[in-house]
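Please read the structure below before turning to the comments.
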Amino acid sequence: MNQQLADRLRFLRAFAANPRQVGAILPTSRLAVRDMLDMADVPAASLVVELGAGTGSQTGEILARMGPDARLVALEIDPRLVELLEERFDDPRLQVVCDSAEHLRDHLGEERADVLVCALPFTSLEPGLRRRILESMPGALGPGGVALVIQYSPLIQSELRRLFGSVRRRISPLNVPPAFLFACRLAPDAG
């Protein structure tokens, strides 16, 4: 069985086990991931953070774009997917963390991300958890940092605008379903 089909089956099993946590029945397409990452300067980043690494559809593309001295901290709550990520990506720049995205700051310490990539299914998360994760994101960014958020609905846009000074939106129409891509930056006086 090829890797793409195997990933789809793993993702489908994870969705069946916990649909609110996973939020989609298929991993994000490579085209949508590339469209999203094009909205930030990943090659110039020293620290990239990924929330909801899943089967690694974003992880591989982030690693391919990162510089040799950069670091990627990828949070994934499903232990089976964490194990898959650790097996799949033998890269010293990658640190996979098995934890909820709401505990992001616990894993960064004083560090702040240049790029934060988020593929969490915000519209299917319990409202309190969604709010805690969203509110942790601005504080995890360094000056000039950008949070990239991929969703299958534009509903999160108003919450992103409340938290960030600038929110740009793009649509990746060839993803199934079409993906809404957001690039969020802090207000110039924030940080």
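Order determines the names: the first chain of the structure tokens is A, the second B, and so forth; residues in each chain are numbered 1 upward, and ligands are numbered 1 upward as they are shown.
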
Would you pick out the contacts of range 62-71 of chain A at 7 Å or less, using only C-alpha atoms, so that residues sharing its chain but fewer than 2 positions from it are not included, and give the list as a PDB file with N, CA, C and O atoms, in the first residue's frame?
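As written to disk, around.pdb reads:
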ATOM      1  N   VAL A  42       9.031  31.031   5.393  1.00  0.00           N
ATOM      2  CA  VAL A  42       9.506  29.875   6.163  1.00  0.00           C
ATOM      3  C   VAL A  42      11.021  29.701   6.052  1.00  0.00           C
ATOM      4  O   VAL A  42      11.679  29.412   7.057  1.00  0.00           O
ATOM      5  N   PRO A  43      11.638  29.907   4.872  1.00  0.00           N
ATOM      6  CA  PRO A  43      13.096  29.715   4.792  1.00  0.00           C
ATOM      7  C   PRO A  43      13.893  30.643   5.717  1.00  0.00           C
ATOM      8  O   PRO A  43      14.997  30.297   6.131  1.00  0.00           O
ATOM      9  N   ALA A  44      13.352  31.796   6.075  1.00  0.00           N
ATOM     10  CA  ALA A  44      14.067  32.738   6.942  1.00  0.00           C
ATOM     11  C   ALA A  44      13.784  32.490   8.425  1.00  0.00           C
ATOM     12  O   ALA A  44      14.413  33.110   9.287  1.00  0.00           O
ATOM     13  N   ALA A  45      12.864  31.603   8.748  1.00  0.00           N
ATOM     14  CA  ALA A  45      12.459  31.378  10.141  1.00  0.00           C
ATOM     15  C   ALA A  45      13.525  30.618  10.922  1.00  0.00           C
ATOM     16  O   ALA A  45      14.124  29.670  10.410  1.00  0.00           O
ATOM     17  N   SER A  46      13.708  31.022  12.176  1.00  0.00           N
ATOM     18  CA  SER A  46      14.586  30.274  13.086  1.00  0.00           C
ATOM     19  C   SER A  46      13.795  29.206  13.830  1.00  0.00           C
ATOM     20  O   SER A  46      14.295  28.121  14.086  1.00  0.00           O
ATOM     21  N   LEU A  47      12.551  29.564  14.203  1.00  0.00           N
ATOM     22  CA  LEU A  47      11.685  28.629  14.916  1.00  0.00           C
ATOM     23  C   LEU A  47      10.314  28.606  14.250  1.00  0.00           C
ATOM     24  O   LEU A  47       9.667  29.640  14.100  1.00  0.00           O
ATOM     25  N   VAL A  48       9.899  27.408  13.862  1.00  0.00           N
ATOM     26  CA  VAL A  48       8.567  27.186  13.306  1.00  0.00           C
ATOM     27  C   VAL A  48       7.839  26.273  14.276  1.00  0.00           C
ATOM     28  O   VAL A  48       8.426  25.314  14.802  1.00  0.00           O
ATOM     29  N   GLN A  58       1.720  18.731   6.549  1.00  0.00           N
ATOM     30  CA  GLN A  58       2.363  20.046   6.642  1.00  0.00           C
ATOM     31  C   GLN A  58       3.824  19.888   7.049  1.00  0.00           C
ATOM     32  O   GLN A  58       4.690  20.611   6.566  1.00  0.00           O
ATOM     33  N   THR A  59       4.104  18.955   7.948  1.00  0.00           N
ATOM     34  CA  THR A  59       5.434  18.781   8.526  1.00  0.00           C
ATOM     35  C   THR A  59       6.506  18.607   7.453  1.00  0.00           C
ATOM     36  O   THR A  59       7.545  19.273   7.485  1.00  0.00           O
ATOM     37  N   GLY A  60       6.257  17.712   6.513  1.00  0.00           N
ATOM     38  CA  GLY A  60       7.240  17.446   5.451  1.00  0.00           C
ATOM     39  C   GLY A  60       7.527  18.671   4.618  1.00  0.00           C
ATOM     40  O   GLY A  60       8.689  18.966   4.293  1.00  0.00           O
ATOM     41  N   VAL A  73       8.955  22.733  16.050  1.00  0.00           N
ATOM     42  CA  VAL A  73       8.300  22.087  17.183  1.00  0.00           C
ATOM     43  C   VAL A  73       6.884  21.758  16.725  1.00  0.00           C
ATOM     44  O   VAL A  73       6.101  22.658  16.420  1.00  0.00           O
ATOM     45  N   ARG A  93      16.141  18.672  13.156  1.00  0.00           N
ATOM     46  CA  ARG A  93      15.492  19.981  13.337  1.00  0.00           C
ATOM     47  C   ARG A  93      14.091  19.844  13.910  1.00  0.00           C
ATOM     48  O   ARG A  93      13.496  20.820  14.351  1.00  0.00           O
ATOM     49  N   LEU A  94      13.537  18.631  13.900  1.00  0.00           N
ATOM     50  CA  LEU A  94      12.152  18.394  14.309  1.00  0.00           C
ATOM     51  C   LEU A  94      12.066  17.868  15.736  1.00  0.00           C
ATOM     52  O   LEU A  94      12.745  16.907  16.096  1.00  0.00           O
TER      53      LEU A  94
END

Counting only C-alpha atoms, which residue out of A:Leu155, A:Cys184, A:Ala147, A:Ala40 sits closest to Ser124 in chain A? A:Leu155

Just the residues within 8 Å of Leu141 in chain A, please, counting only C-alpha atoms, with nothing from its chain fewer than 5 positions along; format it as a PyMOL selection string. chain A and resi 112-116+146-147+191

Identify, with DSSP run on backbone atoms, the residues in range 34-134 of chain A assigned to helix (DSSP H, G or I), and express the list as a PyMOL selection string. chain A and resi 34-37+42-44+57-65+79-88+101-108+122-124+127-134

CA of Pro127 in chain A to CA of Ala183 in chain A, distance in Å rounded to a single decimal: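 Distance between the two atoms: 22.0 Å.
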
DSSP on the backbone: what in range 47-163 of chain A comes out strand (DSSP E or B), as an MDAnalysis selection string? chainID A and resid 47:51 71:76 94:98 113:118 141:151

Name the residues in contact with Leu163 in chain A at a cut-off of 12 Å, using only C-alpha atoms, excluding same-chain residues fewer than 3 positions from it; report them as a PDB file with C-alpha atoms, in the first residue's frame.
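Saved to part-v8.pdb:
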ATOM      1  CA  ARG A 131     -10.757  30.018  22.747  1.00  0.00           C
ATOM      2  CA  ARG A 132      -7.779  28.891  24.884  1.00  0.00           C
ATOM      3  CA  ILE A 133      -5.819  27.698  21.845  1.00  0.00           C
ATOM      4  CA  LEU A 134      -6.599  30.784  19.773  1.00  0.00           C
ATOM      5  CA  GLU A 135      -5.689  33.126  22.632  1.00  0.00           C
ATOM      6  CA  SER A 136      -2.346  31.350  23.134  1.00  0.00           C
ATOM      7  CA  MET A 137      -1.282  31.893  19.523  1.00  0.00           C
ATOM      8  CA  PRO A 138      -0.431  35.652  19.519  1.00  0.00           C
ATOM      9  CA  GLY A 139       1.802  35.260  22.596  1.00  0.00           C
ATOM     10  CA  ALA A 147       0.471  32.542  12.220  1.00  0.00           C
ATOM     11  CA  ILE A 156     -12.922  31.513  12.380  1.00  0.00           C
ATOM     12  CA  GLN A 157     -11.972  34.734  10.561  1.00  0.00           C
ATOM     13  CA  SER A 158     -13.758  37.068  13.006  1.00  0.00           C
ATOM     14  CA  GLU A 159     -11.966  35.460  15.982  1.00  0.00           C
ATOM     15  CA  LEU A 160      -8.617  35.772  14.201  1.00  0.00           C
ATOM     16  CA  SER A 166      -3.645  41.905  10.335  1.00  0.00           C
ATOM     17  CA  VAL A 167      -5.431  38.887   8.842  1.00  0.00           C
ATOM     18  CA  CYS A 184      -2.203  36.484  10.811  1.00  0.00           C
ATOM     19  CA  ARG A 185       0.237  39.074  12.144  1.00  0.00           C
ATOM     20  CA  LEU A 186       0.356  40.943  15.421  1.00  0.00           C
ATOM     21  CA  ALA A 187      -0.441  44.650  15.561  1.00  0.00           C
ATOM     22  CA  ALA A 190       2.250  44.235  20.042  1.00  0.00           C
TER      23      ALA A 190
END

Quick check, in Å to one decimal: how far apart do CA of Arg88 in chain A and CA of Leu104 in chain A lie?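 Taking CA of Arg88 in chain A and CA of Leu104 in chain A, their separation equals 22.6 Å.
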
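Of the residues listed (A:Val49, A:Arg168, A:Ser57, A:Arg34), A:Val49 shows the shortest atom-to-atom separation from Arg105 in chain A; distances use only C-alpha atoms.
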
Contacts of range 34-148 of chain A with range 169-175 of chain A up to 12 Å, shortest pair per row, only C-alpha atoms, as a Markdown table:
| residue | atom | partner | partner_atom | distance |
| --- | --- | --- | --- | --- |
| A:Arg34 | CA | A:Ser172 | CA | 9.6 |
| A:Asp35 | CA | A:Ser172 | CA | 6.9 |
| A:Met36 | CA | A:Arg170 | CA | 8.2 |
| A:Leu37 | CA | A:Arg170 | CA | 11.5 |
| A:Asp38 | CA | A:Arg170 | CA | 10.7 |
| A:Met39 | CA | A:Arg170 | CA | 9.0 |
| A:Ala147 | CA | A:Arg169 | CA | 11.9 |
| A:Leu148 | CA | A:Arg169 | CA | 9.9 |
